[in-house]
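Shown next: data35.tsv, containing TSV, N, CA and C atoms.
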```
chain	number	residue	atom	x	y	z
B	734	MET	N	0.84	-1.18	0.00
B	734	MET	CA	0.00	0.00	0.00
B	734	MET	C	0.89	1.25	0.00
B	735	LYS	N	0.50	2.24	-0.74
B	735	LYS	CA	1.26	3.48	-0.81
B	735	LYS	C	1.02	4.29	0.45
B	736	SER	N	1.97	5.15	0.74
B	736	SER	CA	1.87	5.97	1.94
B	736	SER	C	0.67	6.91	1.88
B	737	ASN	N	0.32	7.40	0.70
B	737	ASN	CA	-0.86	8.28	0.56
B	737	ASN	C	-2.15	7.53	0.93
B	738	GLN	N	-2.23	6.27	0.53
B	738	GLN	CA	-3.39	5.45	0.86
B	738	GLN	C	-3.47	5.21	2.37
B	739	ILE	N	-2.35	4.97	2.98
B	739	ILE	CA	-2.31	4.74	4.42
B	739	ILE	C	-2.76	6.00	5.16
B	740	ILE	N	-2.27	7.14	4.73
B	740	ILE	CA	-2.67	8.41	5.36
B	740	ILE	C	-4.17	8.64	5.17
B	741	TYR	N	-4.66	8.35	3.99
B	741	TYR	CA	-6.09	8.51	3.70
B	741	TYR	C	-6.92	7.61	4.61
B	742	ILE	N	-6.51	6.38	4.77
B	742	ILE	CA	-7.22	5.43	5.64
B	742	ILE	C	-7.18	5.92	7.09
B	743	MET	N	-6.04	6.44	7.52
B	743	MET	CA	-5.92	6.94	8.89
B	743	MET	C	-6.83	8.15	9.12
B	744	VAL	N	-6.90	9.02	8.14
B	744	VAL	CA	-7.77	10.20	8.24
B	744	VAL	C	-9.23	9.77	8.31
B	745	LEU	N	-9.61	8.82	7.46
B	745	LEU	CA	-10.98	8.33	7.49
B	745	LEU	C	-11.31	7.65	8.82
B	746	GLN	N	-10.40	6.87	9.34
B	746	GLN	CA	-10.63	6.21	10.62
B	746	GLN	C	-10.78	7.24	11.74
B	747	ASN	N	-9.95	8.26	11.72
B	747	ASN	CA	-10.05	9.33	12.72
B	747	ASN	C	-11.39	10.04	12.62
B	748	PHE	N	-11.82	10.32	11.40
B	748	PHE	CA	-13.12	10.96	11.19
B	748	PHE	C	-14.25	10.08	11.71
B	749	LYS	N	-14.18	8.79	11.41
B	749	LYS	CA	-15.20	7.85	11.88
B	749	LYS	C	-15.24	7.81	13.40
B	750	ASN	N	-14.09	7.79	14.04
B	750	ASN	CA	-14.04	7.77	15.51
B	750	ASN	C	-14.68	9.02	16.10
B	751	LYS	N	-14.38	10.18	15.53
B	751	LYS	CA	-14.96	11.43	16.03
B	751	LYS	C	-16.47	11.46	15.80
B	752	LEU	N	-16.90	10.97	14.67
B	752	LEU	CA	-18.33	10.90	14.38
B	752	LEU	C	-19.04	9.96	15.37
B	753	ASP	N	-18.44	8.80	15.64
B	753	ASP	CA	-19.01	7.87	16.61
B	753	ASP	C	-19.10	8.50	18.00
B	754	GLU	N	-18.08	9.24	18.40
B	754	GLU	CA	-18.10	9.93	19.69
B	754	GLU	C	-19.23	10.95	19.75
B	755	SER	N	-19.42	11.69	18.68
B	755	SER	CA	-20.50	12.69	18.64
B	755	SER	C	-21.87	12.02	18.73
B	756	ILE	N	-22.03	10.94	18.02
B	756	ILE	CA	-23.31	10.21	18.05
B	756	ILE	C	-23.56	9.68	19.46
B	757	ASN	N	-22.54	9.15	20.11
B	757	ASN	CA	-22.69	8.65	21.48
B	757	ASN	C	-23.08	9.77	22.44
B	758	ARG	N	-22.48	10.95	22.29
B	758	ARG	CA	-22.84	12.08	23.16
B	758	ARG	C	-24.30	12.48	22.95
B	759	ILE	N	-24.75	12.50	21.71
B	759	ILE	CA	-26.15	12.84	21.41
B	759	ILE	C	-27.08	11.79	22.01
B	760	ASP	N	-26.74	10.51	21.84
B	760	ASP	CA	-27.55	9.43	22.42
B	760	ASP	C	-27.64	9.54	23.93
B	761	GLN	N	-26.52	9.82	24.58
B	761	GLN	CA	-26.51	9.94	26.04
B	761	GLN	C	-27.36	11.12	26.49
B	762	ALA	N	-27.26	12.24	25.79
B	762	ALA	CA	-28.08	13.40	26.16
B	762	ALA	C	-29.55	13.10	25.97
B	763	THR	N	-29.90	12.42	24.89
B	763	THR	CA	-31.29	12.04	24.65
B	763	THR	C	-31.77	11.08	25.73
B	764	ASP	N	-30.95	10.10	26.08
B	764	ASP	CA	-31.32	9.14	27.13
B	764	ASP	C	-31.56	9.86	28.45
B	765	GLN	N	-30.69	10.79	28.81
B	765	GLN	CA	-30.86	11.53	30.07
B	765	GLN	C	-32.13	12.36	30.04
B	766	SER	N	-32.42	12.96	28.91
B	766	SER	CA	-33.64	13.76	28.77
B	766	SER	C	-34.88	12.87	28.91
B	767	LEU	N	-34.85	11.70	28.30
B	767	LEU	CA	-35.97	10.76	28.38
B	767	LEU	C	-36.16	10.28	29.82
B	768	LEU	N	-35.07	9.94	30.49
B	768	LEU	CA	-35.17	9.48	31.88
B	768	LEU	C	-35.78	10.56	32.77
B	769	LYS	N	-35.35	11.79	32.56
B	769	LYS	CA	-35.88	12.90	33.35
B	769	LYS	C	-37.38	13.10	33.07
B	770	LYS	N	-37.76	12.99	31.80
B	770	LYS	CA	-39.17	13.16	31.43
B	770	LYS	C	-40.03	12.07	32.07
B	771	ILE	N	-39.58	10.82	31.99
B	771	ILE	CA	-40.35	9.72	32.57
B	771	ILE	C	-40.44	9.87	34.08
B	772	LYS	N	-39.35	10.27	34.72
B	772	LYS	CA	-39.36	10.48	36.17
B	772	LYS	C	-40.38	11.54	36.54
B	773	ASN	N	-40.39	12.65	35.81
B	773	ASN	CA	-41.35	13.73	36.08
B	773	ASN	C	-42.79	13.28	35.83
B	774	LEU	N	-43.00	12.53	34.76
B	774	LEU	CA	-44.36	12.07	34.46
B	774	LEU	C	-44.84	11.06	35.49
B	775	LYS	N	-43.96	10.22	35.98
B	775	LYS	CA	-44.35	9.28	37.03
B	775	LYS	C	-44.77	10.05	38.29
B	776	GLU	N	-44.01	11.09	38.62
B	776	GLU	CA	-44.37	11.92	39.78
B	776	GLU	C	-45.74	12.56	39.59
B	777	ILE	N	-46.01	13.05	38.39
B	777	ILE	CA	-47.32	13.63	38.09
B	777	ILE	C	-48.40	12.55	38.21
B	778	ARG	N	-48.13	11.38	37.65
B	778	ARG	CA	-49.10	10.28	37.70
B	778	ARG	C	-49.45	9.93	39.13
B	779	VAL	N	-48.44	9.80	39.96
B	779	VAL	CA	-48.67	9.42	41.36
B	779	VAL	C	-49.39	10.55	42.10
B	780	SER	N	-48.98	11.79	41.87
B	780	SER	CA	-49.57	12.91	42.60
B	780	SER	C	-51.01	13.20	42.19
B	781	THR	N	-51.38	12.80	40.97
B	781	THR	CA	-52.75	13.04	40.51
B	781	THR	C	-53.59	11.77	40.56
B	782	ASP	N	-53.06	10.75	41.21
B	782	ASP	CA	-53.78	9.48	41.40
B	782	ASP	C	-54.20	8.81	40.10
B	783	ILE	N	-53.37	8.92	39.07
B	783	ILE	CA	-53.62	8.17	37.84
B	783	ILE	C	-53.11	6.75	38.10
B	784	GLU	N	-53.99	5.80	38.02
B	784	GLU	CA	-53.60	4.41	38.26
B	784	GLU	C	-52.90	3.85	37.03
B	785	LEU	N	-51.86	3.08	37.29
B	785	LEU	CA	-51.15	2.42	36.20
B	785	LEU	C	-52.10	1.52	35.42
B	786	ARG	N	-53.05	0.91	36.11
B	786	ARG	CA	-54.04	0.04	35.48
B	786	ARG	C	-54.86	0.82	34.45
B	787	SER	N	-55.21	2.07	34.75
B	787	SER	CA	-56.00	2.86	33.79
B	787	SER	C	-55.19	3.16	32.53
B	788	ILE	N	-53.89	3.38	32.70
B	788	ILE	CA	-53.04	3.58	31.52
B	788	ILE	C	-52.99	2.29	30.71
B	789	ALA	N	-52.85	1.16	31.40
B	789	ALA	CA	-52.81	-0.14	30.72
B	789	ALA	C	-54.11	-0.39	29.96
B	790	ASP	N	-55.23	-0.09	30.59
B	790	ASP	CA	-56.52	-0.33	29.95
B	790	ASP	C	-56.70	0.54	28.70
B	791	LYS	N	-56.31	1.80	28.78
B	791	LYS	CA	-56.51	2.72	27.65
B	791	LYS	C	-55.51	2.49	26.52
B	792	THR	N	-54.26	2.19	26.88
B	792	THR	CA	-53.22	2.06	25.86
B	792	THR	C	-53.02	0.63	25.38
B	793	LYS	N	-53.55	-0.33	26.13
B	793	LYS	CA	-53.34	-1.76	25.85
B	793	LYS	C	-51.88	-2.19	26.03
B	794	ILE	N	-51.14	-1.40	26.82
B	794	ILE	CA	-49.77	-1.76	27.18
B	794	ILE	C	-49.85	-2.55	28.48
B	795	SER	N	-49.17	-3.66	28.56
B	795	SER	CA	-49.26	-4.50	29.75
B	795	SER	C	-48.72	-3.78	30.98
B	796	MET	N	-49.22	-4.19	32.14
B	796	MET	CA	-48.72	-3.64	33.40
B	796	MET	C	-47.21	-3.88	33.53
B	797	LYS	N	-46.78	-5.05	33.12
B	797	LYS	CA	-45.36	-5.39	33.19
B	797	LYS	C	-44.52	-4.38	32.40
B	798	ASN	N	-44.98	-4.06	31.19
B	798	ASN	CA	-44.24	-3.10	30.37
B	798	ASN	C	-44.31	-1.68	30.93
B	799	LEU	N	-45.44	-1.30	31.48
B	799	LEU	CA	-45.55	0.03	32.09
B	799	LEU	C	-44.62	0.13	33.31
B	800	LYS	N	-44.57	-0.92	34.10
B	800	LYS	CA	-43.66	-0.92	35.25
B	800	LYS	C	-42.21	-0.86	34.80
B	801	SER	N	-41.90	-1.52	33.69
B	801	SER	CA	-40.54	-1.45	33.14
B	801	SER	C	-40.19	-0.03	32.70
B	802	ILE	N	-41.15	0.65	32.11
B	802	ILE	CA	-40.92	2.04	31.69
B	802	ILE	C	-40.64	2.90	32.91
B	803	GLU	N	-41.48	2.80	33.92
B	803	GLU	CA	-41.34	3.65	35.10
B	803	GLU	C	-40.09	3.34	35.92
B	804	SER	N	-39.58	2.13	35.79
B	804	SER	CA	-38.36	1.79	36.53
B	804	SER	C	-37.12	1.85	35.63
B	805	PHE	N	-37.29	2.40	34.43
B	805	PHE	CA	-36.20	2.58	33.47
B	805	PHE	C	-35.55	1.27	33.04
B	806	ASN	N	-36.30	0.18	33.08
B	806	ASN	CA	-35.80	-1.13	32.62
B	806	ASN	C	-36.19	-1.32	31.16
B	807	PHE	N	-35.68	-0.46	30.31
B	807	PHE	CA	-36.06	-0.48	28.90
B	807	PHE	C	-35.65	-1.78	28.22
B	808	GLU	N	-34.62	-2.42	28.73
B	808	GLU	CA	-34.18	-3.68	28.12
B	808	GLU	C	-35.21	-4.79	28.29
B	809	LYS	N	-36.15	-4.62	29.24
B	809	LYS	CA	-37.21	-5.61	29.44
B	809	LYS	C	-38.40	-5.37	28.50
B	810	LEU	N	-38.39	-4.25	27.81
B	810	LEU	CA	-39.46	-3.94	26.86
B	810	LEU	C	-39.20	-4.69	25.56
B	811	PRO	N	-40.25	-4.85	24.75
B	811	PRO	CA	-40.04	-5.47	23.43
B	811	PRO	C	-39.08	-4.61	22.60
B	812	SER	N	-38.58	-5.18	21.53
B	812	SER	CA	-37.64	-4.46	20.68
B	812	SER	C	-38.34	-3.34	19.92
B	813	GLU	N	-37.53	-2.56	19.21
B	813	GLU	CA	-38.08	-1.49	18.38
B	813	GLU	C	-38.96	-2.11	17.30
B	814	PRO	N	-39.97	-1.44	16.82
B	814	PRO	CA	-40.45	-0.10	17.17
B	814	PRO	C	-41.40	-0.09	18.36
B	815	TRP	N	-41.68	-1.27	18.93
B	815	TRP	CA	-42.62	-1.34	20.06
B	815	TRP	C	-42.13	-0.53	21.25
B	816	ARG	N	-40.85	-0.61	21.53
B	816	ARG	CA	-40.30	0.09	22.70
B	816	ARG	C	-40.62	1.59	22.63
B	817	ASN	N	-40.28	2.22	21.51
B	817	ASN	CA	-40.54	3.66	21.37
B	817	ASN	C	-42.03	3.96	21.41
B	818	SER	N	-42.82	3.09	20.81
B	818	SER	CA	-44.26	3.29	20.81
B	818	SER	C	-44.82	3.24	22.24
B	819	PHE	N	-44.41	2.26	23.01
B	819	PHE	CA	-44.90	2.13	24.39
B	819	PHE	C	-44.51	3.34	25.23
B	820	ILE	N	-43.26	3.76	25.10
B	820	ILE	CA	-42.79	4.91	25.87
B	820	ILE	C	-43.56	6.17	25.46
B	821	SER	N	-43.75	6.35	24.16
B	821	SER	CA	-44.50	7.52	23.67
B	821	SER	C	-45.94	7.51	24.16
B	822	GLN	N	-46.59	6.35	24.09
B	822	GLN	CA	-47.97	6.26	24.55
B	822	GLN	C	-48.08	6.56	26.05
B	823	TYR	N	-47.16	6.03	26.83
B	823	TYR	CA	-47.14	6.29	28.27
B	823	TYR	C	-47.03	7.80	28.52
B	824	CYS	N	-46.05	8.42	27.88
B	824	CYS	CA	-45.85	9.86	28.06
B	824	CYS	C	-47.06	10.66	27.60
B	825	ASN	N	-47.58	10.34	26.43
B	825	ASN	CA	-48.74	11.07	25.90
B	825	ASN	C	-49.97	10.92	26.79
B	826	PHE	N	-50.19	9.73	27.32
B	826	PHE	CA	-51.35	9.52	28.18
B	826	PHE	C	-51.31	10.44	29.39
B	827	ILE	N	-50.18	10.48	30.07
B	827	ILE	CA	-50.08	11.30	31.28
B	827	ILE	C	-50.10	12.78	30.93
B	828	GLU	N	-49.42	13.18	29.87
B	828	GLU	CA	-49.42	14.59	29.48
B	828	GLU	C	-50.83	15.04	29.11
B	829	ASN	N	-51.55	14.23	28.34
B	829	ASN	CA	-52.91	14.60	27.95
B	829	ASN	C	-53.86	14.58	29.13
B	830	PHE	N	-53.72	13.61	30.01
B	830	PHE	CA	-54.55	13.54	31.21
B	830	PHE	C	-54.33	14.78	32.06
B	831	ASN	N	-53.06	15.14	32.23
B	831	ASN	CA	-52.71	16.30	33.04
B	831	ASN	C	-53.25	17.58	32.40
B	832	ASP	N	-53.15	17.72	31.07
B	832	ASP	CA	-53.67	18.90	30.37
B	832	ASP	C	-55.19	19.01	30.49
B	833	GLU	N	-55.88	17.87	30.38
B	833	GLU	CA	-57.35	17.85	30.44
B	833	GLU	C	-57.88	18.20	31.82
B	834	ASN	N	-57.07	17.94	32.85
B	834	ASN	CA	-57.54	18.16	34.21
B	834	ASN	C	-56.97	19.41	34.85
B	835	ASN	N	-56.41	20.30	34.06
B	835	ASN	CA	-55.90	21.59	34.57
B	835	ASN	C	-56.73	22.71	34.05
```
Exercise: express the given structure as structure tokens:
Amino acid sequence: MKSNQIIYIMVLQNFKNKLDESINRIDQATDQSLLKKIKNLKEIRVSTDIELRSIADKTKISMKNLKSIESFNFEKLPSEPWRNSFISQYCNFIENFNDENN
């Protein structure tokens, strides 16, 4: 291999590493934001006496999966796209319930 090719490969590898680092930072920030949102929504749910069972009945998400969401055990949820759907439905239910009752 020529030295120019080696340098080119090294530059590309360096670029890939920096891109991967940036993506990881974005993912971590998103994860932290999601955890904070779920924590806040759980507090709202508990303080306004929204029963987890009522969320399960309306959304058709199992109690087990709702408990996994509230305890941040996302690995126990089904794979994508179900995971995102369940989390979104949980968040939307509490946000809409809270908006309707204010």
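Across the structure, atom N of B:Lys735 and atom CA of B:Glu754 are spaced 28.7 Å apart.
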Item to check | Distance query B:Glu803 at most 10 Å, only C-alpha atoms, self and fewer than 4 positions along chain excluded, as a ChimeraX atom specification | outcome: /B:768,771-772,774-776,785,798-799,807,820,823
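For B:Ser818, the residues within 12 Å (counting only C-alpha atoms, excluding itself and residues fewer than 6 positions away along the chain) are Thr792, Lys793, Ile794, Asn798, Leu799, Ile802, Leu810, Pro811, Ser812, Cys824, Asn825 and Phe826 of chain B.
You will find atom C of B:Trp815 at 19.0 Å from atom CA of B:Ser787.
For the set B:Asn829, B:Asn773, B:Asn817, B:Ser766, the residue with the smallest atom-to-atom gap to B:Ile788 is B:Asn829, counting only C-alpha atoms.
Note that atom CA of B:Arg778 and atom CA of B:Lys791 are 14.6 Å apart.
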